[in-house]
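One structure below.
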Amino acid sequence: MRQRMAVAVLGAVALTASVAACSKNTGTDASTQSKHKPQSSTIAMDPKDSLGPAKPVPGAVRGGTFHYLEESDFEHLDPQRNYVVDAMSMDQLYIRTLTMFSETGDGKLTLVGDLATTPGKDVKGDCTQWRYTLKDGLKYEDGSPITAADVAYGVARSFSPTLGEGPTYIQRWLANSDDYNATYKGPYDGGAKTPPGVTVDGAKTITFTFAKPQCDLPFAASLGTTAPVPPSKDTGTKYDRRPFASGPYKIDKYLRGTSLTLVRNKYWDPKTDAVRHDYFDKLVAEFGPDNVQQTNRVIASNGDDAYATQYENVPASLLPKVTGDASIKKRMVQGLSPFVSYLAINTQRVTDLNTRKALNYALDRGAYLQARGGNLTGQPATSLESPLTIGYQKYDAYPGGVHGDPAKAKQLLGGKKPKLVYAYSNISANQATAVVIKNSLERAGFQIVLKPVDSSNYYDNIGTKTNPYDLYINTWAADWPSGSSIIAPLFNGNTIRAKGNKDYSYLNEPDVNAQIEKLVAQHAEEAAPAWAKLDETIMTKYAPVVPIINTSNVTLSGTKCKNVVLSQVLGTPIFYNVYLTT
């Protein structure tokens with residue numbers, strides 16, 4: 001779930017990372033690699049950059065109903081539980097956080113203050129204490145003021161074991177422990193409304209104090225952990241159904257599994273927001289249509305579908321039609337995302353290292369890519385970090401080629417035929433890739449049992465420590481362009497708990513855990529080479545996953561739906577600059 005491009009740490013110059021450009025779809029040649037161009041991201045040092053209103057979108061008009069099509073419902077709307085990018089992009093319309101990335105569409109990202117006047121003040125100059133001051137005029141959907149205490153309460157509830165699906169950076173840093181809720185478990189059952197390490201001064205000032213330097217706090221503060229929640233509106237696990245809005249829209253109606261309707265929040269003040277607009281009157285999200293139905297509907301653009309955008313990628317069967325018609329192709333949103341899709345190996349169940357190495361040799365990345373639609377939808381991957389990550393180093397620990405080496409895999413298996421359960425999120429696109437994975441692994445001697453899982457609960461299922469699966473896909477991008485938000489959440493065994501895990505391979509190796517602990521305390525640019533080295537060490541020494549592809553997005557919008565762009569932060573379409581024409 002996340003990502004970034006390149007970053008400037010406070011007090012440092014802007015850094016750059018290589019970002020792959022769009023690759024040409026050549027049909028069957030899955031080995032073609034994209035060229036790279038530099039992308040950059042900075043932290044806004046000038047408070048003026050965090051002021052609103054956001055710069056107007058040229059040609060934008062107000063009004064109309066924007067339609068959004070997705071095959072399955074969001075796992076969570078609760079910002080403290082939300083860590084999947086489709087819901088995160090929707091969250092941006094009705095939820096605000098202390099900081100946020102501003103995207104210009106030209107490859108430049110700037111971290112600005114969202115609720116806060118700046119991306120944060122490093123009080124002591126050593127990253128152990130950060131202070132935020134809220135902007136004037138911030139209001140919820142009922143007109144009541146947003147306060148620093150509400151932000152603190154939002155952070156507090158993220159400690160609750162019952163809300164453990166979201167990001168855990170800030171909680172672990174405050175507790176100075178990966179077992180962050182061992183003692184303080186949030187505001188429920190008599191817990192304090194302000195977590196240890198957080199102080200509130202008046203209505204507008206909140207301070208975070210850490211036992212160790214946490215130089216990435218401004219970036220972590222852009223996640224849903226810092227979304228404000230008034231205690232009087234907190235309904236615990238039921239908050240998923242009706243979060244209280246702080247952004248330009250609010251939830252009008254939510255029918256789980258069917259639709260979500262947003263309408264304007266009249267109390268949102270654009271003068272407080274440096275990023276968002278509220279051009280459309282209403283958003284209606286429809287859940288159910290698969291990728292073929294979505295694409296055909298948006299191509300035709302009849303009625304409401306002219307004002308729609310799709311979430312699922314254009315299926316391989318329709319890509320020739322889309323790319324071969326200039327009038328349709330101009331409505332395509334396409335580009336390399338910051339995500340790496342990989343086959344997680346549950347190391348609790350698949351304990352033999354040679355078996356895990358054999359899986360790496362056996363997988364046919366080229367066939368997987370073709371099932372997605374060819375090179376337009378991604379490029380083969382062999383590392384844990386995306387090419388967009390600071391310090392990225394290309395390597396291949398198991399050089400079986402784009403289509404794998406089943407003979408090498410059989411040699412490692414030594415005549416064994418392991419029977420493994422492959423779980424996948426049960427939507428149409430994944431049904432096709434599941435067949436590819438089954439076929440490519442079985443040609444190397446594995447026996448693969450396919451297990452479809454309800455897509456609205458998929459990550460909750462594989463994030464449960466006792467899940468009954470051996471293999472499953474995860475697609476992950478950095479929360480900011482550093483290995484600290486890739487390697488640390490995915491492979492730190494000290495973070496493993498009963499539910500809500502991100503270490504989907506359940507790797508728990510002391511040497512890896514110790515190196516992660518060392519590197520997370522460093523500035524992003526300092527630690528970058530070491531993160532890349534640890535990436536290779538994890539794969540070479542433990543083989544807990546099979547990297548498959550660096551993904552690209554290929555989606556369409558209707559004829560009257562304008563300015564839907566691919567977020568370089570989330571790797572999905574973003575909606576706060578969308579407008580509609582008549």
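All residue names refer to the structure tokens as shown: chains lettered A, B, ... in order, residues numbered from 1 in each chain, ligands numbered from 1 in order.
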- prompt: Could you write out, as an MDAnalysis selection string, all the residues of segment 119-343 of chain A that DSSP marks as helix (DSSP H, G or I)?
  reply: chainID A and resid 148:157 161:163 169:175 188:190 217:220 224:226 231:233 236:241 270:272 291:300 303:307 316:323 326:329
Which residues of segment 273-298 of chain A come within 10 Å of segment 572-576 of chain A, and for each one, what is the closest pair of atoms and their distance in Å to one decimal, counting only C-alpha atoms, sorted by chain and residue number, as JSON lines?
```
{"residue": "A:Val275", "atom": "CA", "partner": "A:Tyr576", "partner_atom": "CA", "distance": 8.0}
{"residue": "A:Arg276", "atom": "CA", "partner": "A:Tyr576", "partner_atom": "CA", "distance": 5.2}
{"residue": "A:His277", "atom": "CA", "partner": "A:Tyr576", "partner_atom": "CA", "distance": 5.5}
{"residue": "A:Asp278", "atom": "CA", "partner": "A:Tyr576", "partner_atom": "CA", "distance": 6.7}
{"residue": "A:Tyr279", "atom": "CA", "partner": "A:Tyr576", "partner_atom": "CA", "distance": 8.0}
{"residue": "A:Phe280", "atom": "CA", "partner": "A:Tyr576", "partner_atom": "CA", "distance": 9.2}
{"residue": "A:Leu283", "atom": "CA", "partner": "A:Phe575", "partner_atom": "CA", "distance": 9.7}
```
field: Option closest in space to Leu262 of chain A, from A:Ala371, A:Ala300, A:Ile95, A:Ile170 [counting only C-alpha atoms]
entry: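 For Leu262 of chain A, the nearest of the given residues is A:Ile95.
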task: Please run DSSP on the backbone and report, as a count of residues only, all residues within segment 85-166 of chain A that come out as strand (DSSP E).
output: 18
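Across the model, the gap from atom CA of Trp173 of chain A to atom CA of Lys533 of chain A is 23.9 Å.
Here atom CA of Leu566 of chain A stands at a distance of 21.7 Å from atom CA of Ile548 of chain A.
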Considering only C-alpha atoms, tabulate each residue of segment 475-562 of chain A that lies at most 10 Å from segment 213-225 of chain A along with its nearest interatomic pair and the corresponding distance in Å to one decimal; arrange the rows by chain and ascending residue number and present them as JSON lines.
```
{"residue": "A:Asp479", "atom": "CA", "partner": "A:Ala220", "partner_atom": "CA", "distance": 7.5}
{"residue": "A:Trp480", "atom": "CA", "partner": "A:Phe219", "partner_atom": "CA", "distance": 6.5}
{"residue": "A:Pro481", "atom": "CA", "partner": "A:Phe219", "partner_atom": "CA", "distance": 9.8}
{"residue": "A:Ser482", "atom": "CA", "partner": "A:Asp216", "partner_atom": "CA", "distance": 9.5}
{"residue": "A:Ser484", "atom": "CA", "partner": "A:Asp216", "partner_atom": "CA", "distance": 8.8}
{"residue": "A:Ser485", "atom": "CA", "partner": "A:Ala220", "partner_atom": "CA", "distance": 9.2}
{"residue": "A:Val520", "atom": "CA", "partner": "A:Gln214", "partner_atom": "CA", "distance": 7.7}
{"residue": "A:Ala521", "atom": "CA", "partner": "A:Pro213", "partner_atom": "CA", "distance": 5.7}
{"residue": "A:Gln522", "atom": "CA", "partner": "A:Cys215", "partner_atom": "CA", "distance": 7.1}
{"residue": "A:His523", "atom": "CA", "partner": "A:Cys215", "partner_atom": "CA", "distance": 6.0}
{"residue": "A:Ala524", "atom": "CA", "partner": "A:Asp216", "partner_atom": "CA", "distance": 7.7}
```
When you look at Thr209 of chain A with a cut-off of 9 Å (counting only C-alpha atoms), what residues show up, excluding the ones that are within fewer than 4 positions of it in the same chain? I need them as a PDB file with N, CA, C and O atoms, in the first residue's frame.
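Listed below is the output, result-v2.pdb:
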```pdb
ATOM      1  N   CYS A 127      15.388  16.233  15.820  1.00  0.00           N
ATOM      2  CA  CYS A 127      14.288  15.351  15.397  1.00  0.00           C
ATOM      3  C   CYS A 127      13.629  14.584  16.541  1.00  0.00           C
ATOM      4  O   CYS A 127      12.889  13.627  16.294  1.00  0.00           O
ATOM      5  N   THR A 128      13.851  14.972  17.782  1.00  0.00           N
ATOM      6  CA  THR A 128      13.214  14.265  18.903  1.00  0.00           C
ATOM      7  C   THR A 128      11.927  14.948  19.349  1.00  0.00           C
ATOM      8  O   THR A 128      11.157  14.345  20.118  1.00  0.00           O
ATOM      9  N   GLN A 129      11.701  16.173  18.904  1.00  0.00           N
ATOM     10  CA  GLN A 129      10.468  16.868  19.293  1.00  0.00           C
ATOM     11  C   GLN A 129       9.978  17.708  18.118  1.00  0.00           C
ATOM     12  O   GLN A 129      10.713  18.518  17.562  1.00  0.00           O
ATOM     13  N   TRP A 130       8.718  17.493  17.774  1.00  0.00           N
ATOM     14  CA  TRP A 130       8.108  18.198  16.643  1.00  0.00           C
ATOM     15  C   TRP A 130       6.847  18.912  17.116  1.00  0.00           C
ATOM     16  O   TRP A 130       6.029  18.335  17.827  1.00  0.00           O
ATOM     17  N   ARG A 131       6.673  20.141  16.660  1.00  0.00           N
ATOM     18  CA  ARG A 131       5.514  20.943  17.076  1.00  0.00           C
ATOM     19  C   ARG A 131       4.734  21.395  15.843  1.00  0.00           C
ATOM     20  O   ARG A 131       5.310  21.791  14.826  1.00  0.00           O
ATOM     21  N   TRP A 173       6.945   5.113  17.267  1.00  0.00           N
ATOM     22  CA  TRP A 173       7.921   6.125  17.652  1.00  0.00           C
ATOM     23  C   TRP A 173       7.595   6.725  19.020  1.00  0.00           C
ATOM     24  O   TRP A 173       8.492   6.967  19.828  1.00  0.00           O
ATOM     25  N   LEU A 174       6.306   6.960  19.255  1.00  0.00           N
ATOM     26  CA  LEU A 174       5.919   7.516  20.553  1.00  0.00           C
ATOM     27  C   LEU A 174       6.176   6.516  21.683  1.00  0.00           C
ATOM     28  O   LEU A 174       6.633   6.887  22.768  1.00  0.00           O
ATOM     29  N   PRO A 196       0.654   8.965  25.396  1.00  0.00           N
ATOM     30  CA  PRO A 196       1.955   9.326  25.964  1.00  0.00           C
ATOM     31  C   PRO A 196       2.882   9.867  24.874  1.00  0.00           C
ATOM     32  O   PRO A 196       2.945   9.308  23.780  1.00  0.00           O
ATOM     33  N   GLY A 197       3.579  10.942  25.186  1.00  0.00           N
ATOM     34  CA  GLY A 197       4.478  11.563  24.231  1.00  0.00           C
ATOM     35  C   GLY A 197       3.867  12.685  23.435  1.00  0.00           C
ATOM     36  O   GLY A 197       4.568  13.391  22.708  1.00  0.00           O
ATOM     37  N   VAL A 198       2.548  12.864  23.561  1.00  0.00           N
ATOM     38  CA  VAL A 198       1.853  13.947  22.858  1.00  0.00           C
ATOM     39  C   VAL A 198       1.323  14.933  23.885  1.00  0.00           C
ATOM     40  O   VAL A 198       0.724  14.539  24.887  1.00  0.00           O
ATOM     41  N   THR A 199       1.557  16.211  23.645  1.00  0.00           N
ATOM     42  CA  THR A 199       1.013  17.258  24.509  1.00  0.00           C
ATOM     43  C   THR A 199       0.238  18.258  23.667  1.00  0.00           C
ATOM     44  O   THR A 199       0.580  18.505  22.506  1.00  0.00           O
TER      45      THR A 199
END
```
- prompt: Which one of A:Ala444, A:Val545, A:Val554, A:Val436 sits closest to Ala381 of chain A if you count only C-alpha atoms?
  reply: A:Val545
Residue among A:Leu580, A:Tyr392, A:Pro230, A:Thr495 lying closest to Glu525 of chain A, counting only C-alpha atoms: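 Selected residue with least distance to Glu525 of chain A: A:Tyr392.
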Selected residue, from A:Ala116, A:Val263, A:Ile328, A:Ala149, that lies nearest to Gly63 of chain A when counting only C-alpha atoms: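 Checking each candidate against Gly63 of chain A, we get A:Val263 as the closest.
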query: Any idea what's packed within 9 Å of segment 423-432 of chain A, counting only C-alpha atoms, ignoring anything in its chain fewer than 5 positions away? Could you give it as a PyMOL selection string?
result: chain A and resi 71-72+290-292+312-313+315+368+371-372+449-459+462+469-473
- prompt: In terms of the shortest atom-to-atom distance over only C-alpha atoms, which of A:Trp268, A:Tyr249, A:Tyr169, A:Tyr307 is closest to Gly52 of chain A?
  reply: A:Trp268
message: If we count only C-alpha atoms and set the cut-off at 8 Å, which residues sit around segment 353-355 of chain A, ignoring sequence neighbours fewer than 3 positions away in its own chain? Please answer as a list in words.
response: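 Counting only the stated atoms, we get Val350, Ala358, Leu359, Leu412, Leu413, Tyr542 and Ala543 of chain A.
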Restricting the output to N, CA and C atoms, write the selected residues as a tab-separated table (two decimals), in the first residue's frame.
```
chain	number	residue	atom	x	y	z
A	350	VAL	N	5.97	-21.83	5.18
A	350	VAL	CA	6.96	-22.28	4.20
A	350	VAL	C	8.33	-22.00	4.81
A	358	ALA	N	13.24	-21.54	-4.70
A	358	ALA	CA	12.66	-22.19	-5.88
A	358	ALA	C	11.46	-21.40	-6.40
A	359	LEU	N	10.66	-20.86	-5.50
A	359	LEU	CA	9.53	-20.03	-5.92
A	359	LEU	C	10.02	-18.81	-6.70
A	412	LEU	N	16.41	-27.07	-6.88
A	412	LEU	CA	16.36	-26.64	-5.49
A	412	LEU	C	15.36	-27.46	-4.69
A	413	LEU	N	14.28	-27.88	-5.34
A	413	LEU	CA	13.26	-28.67	-4.64
A	413	LEU	C	13.73	-30.10	-4.39
A	542	TYR	N	17.22	-14.69	2.83
A	542	TYR	CA	15.97	-15.25	3.38
A	542	TYR	C	14.88	-15.50	2.35
A	543	ALA	N	14.90	-14.83	1.20
A	543	ALA	CA	13.90	-15.04	0.13
A	543	ALA	C	12.47	-15.10	0.66
```
query: atom CA of Lys465 of chain A and atom CA of Ala192 of chain A, how far apart in Å?
result: 28.4 Å
task: List the neighbours of Asp305 of chain A out to 8 Å using only C-alpha atoms; skip same-chain residues closer than 6 positions along the sequence, and give me the result as a PyMOL selection string.
output: chain A and resi 67+297-298+558
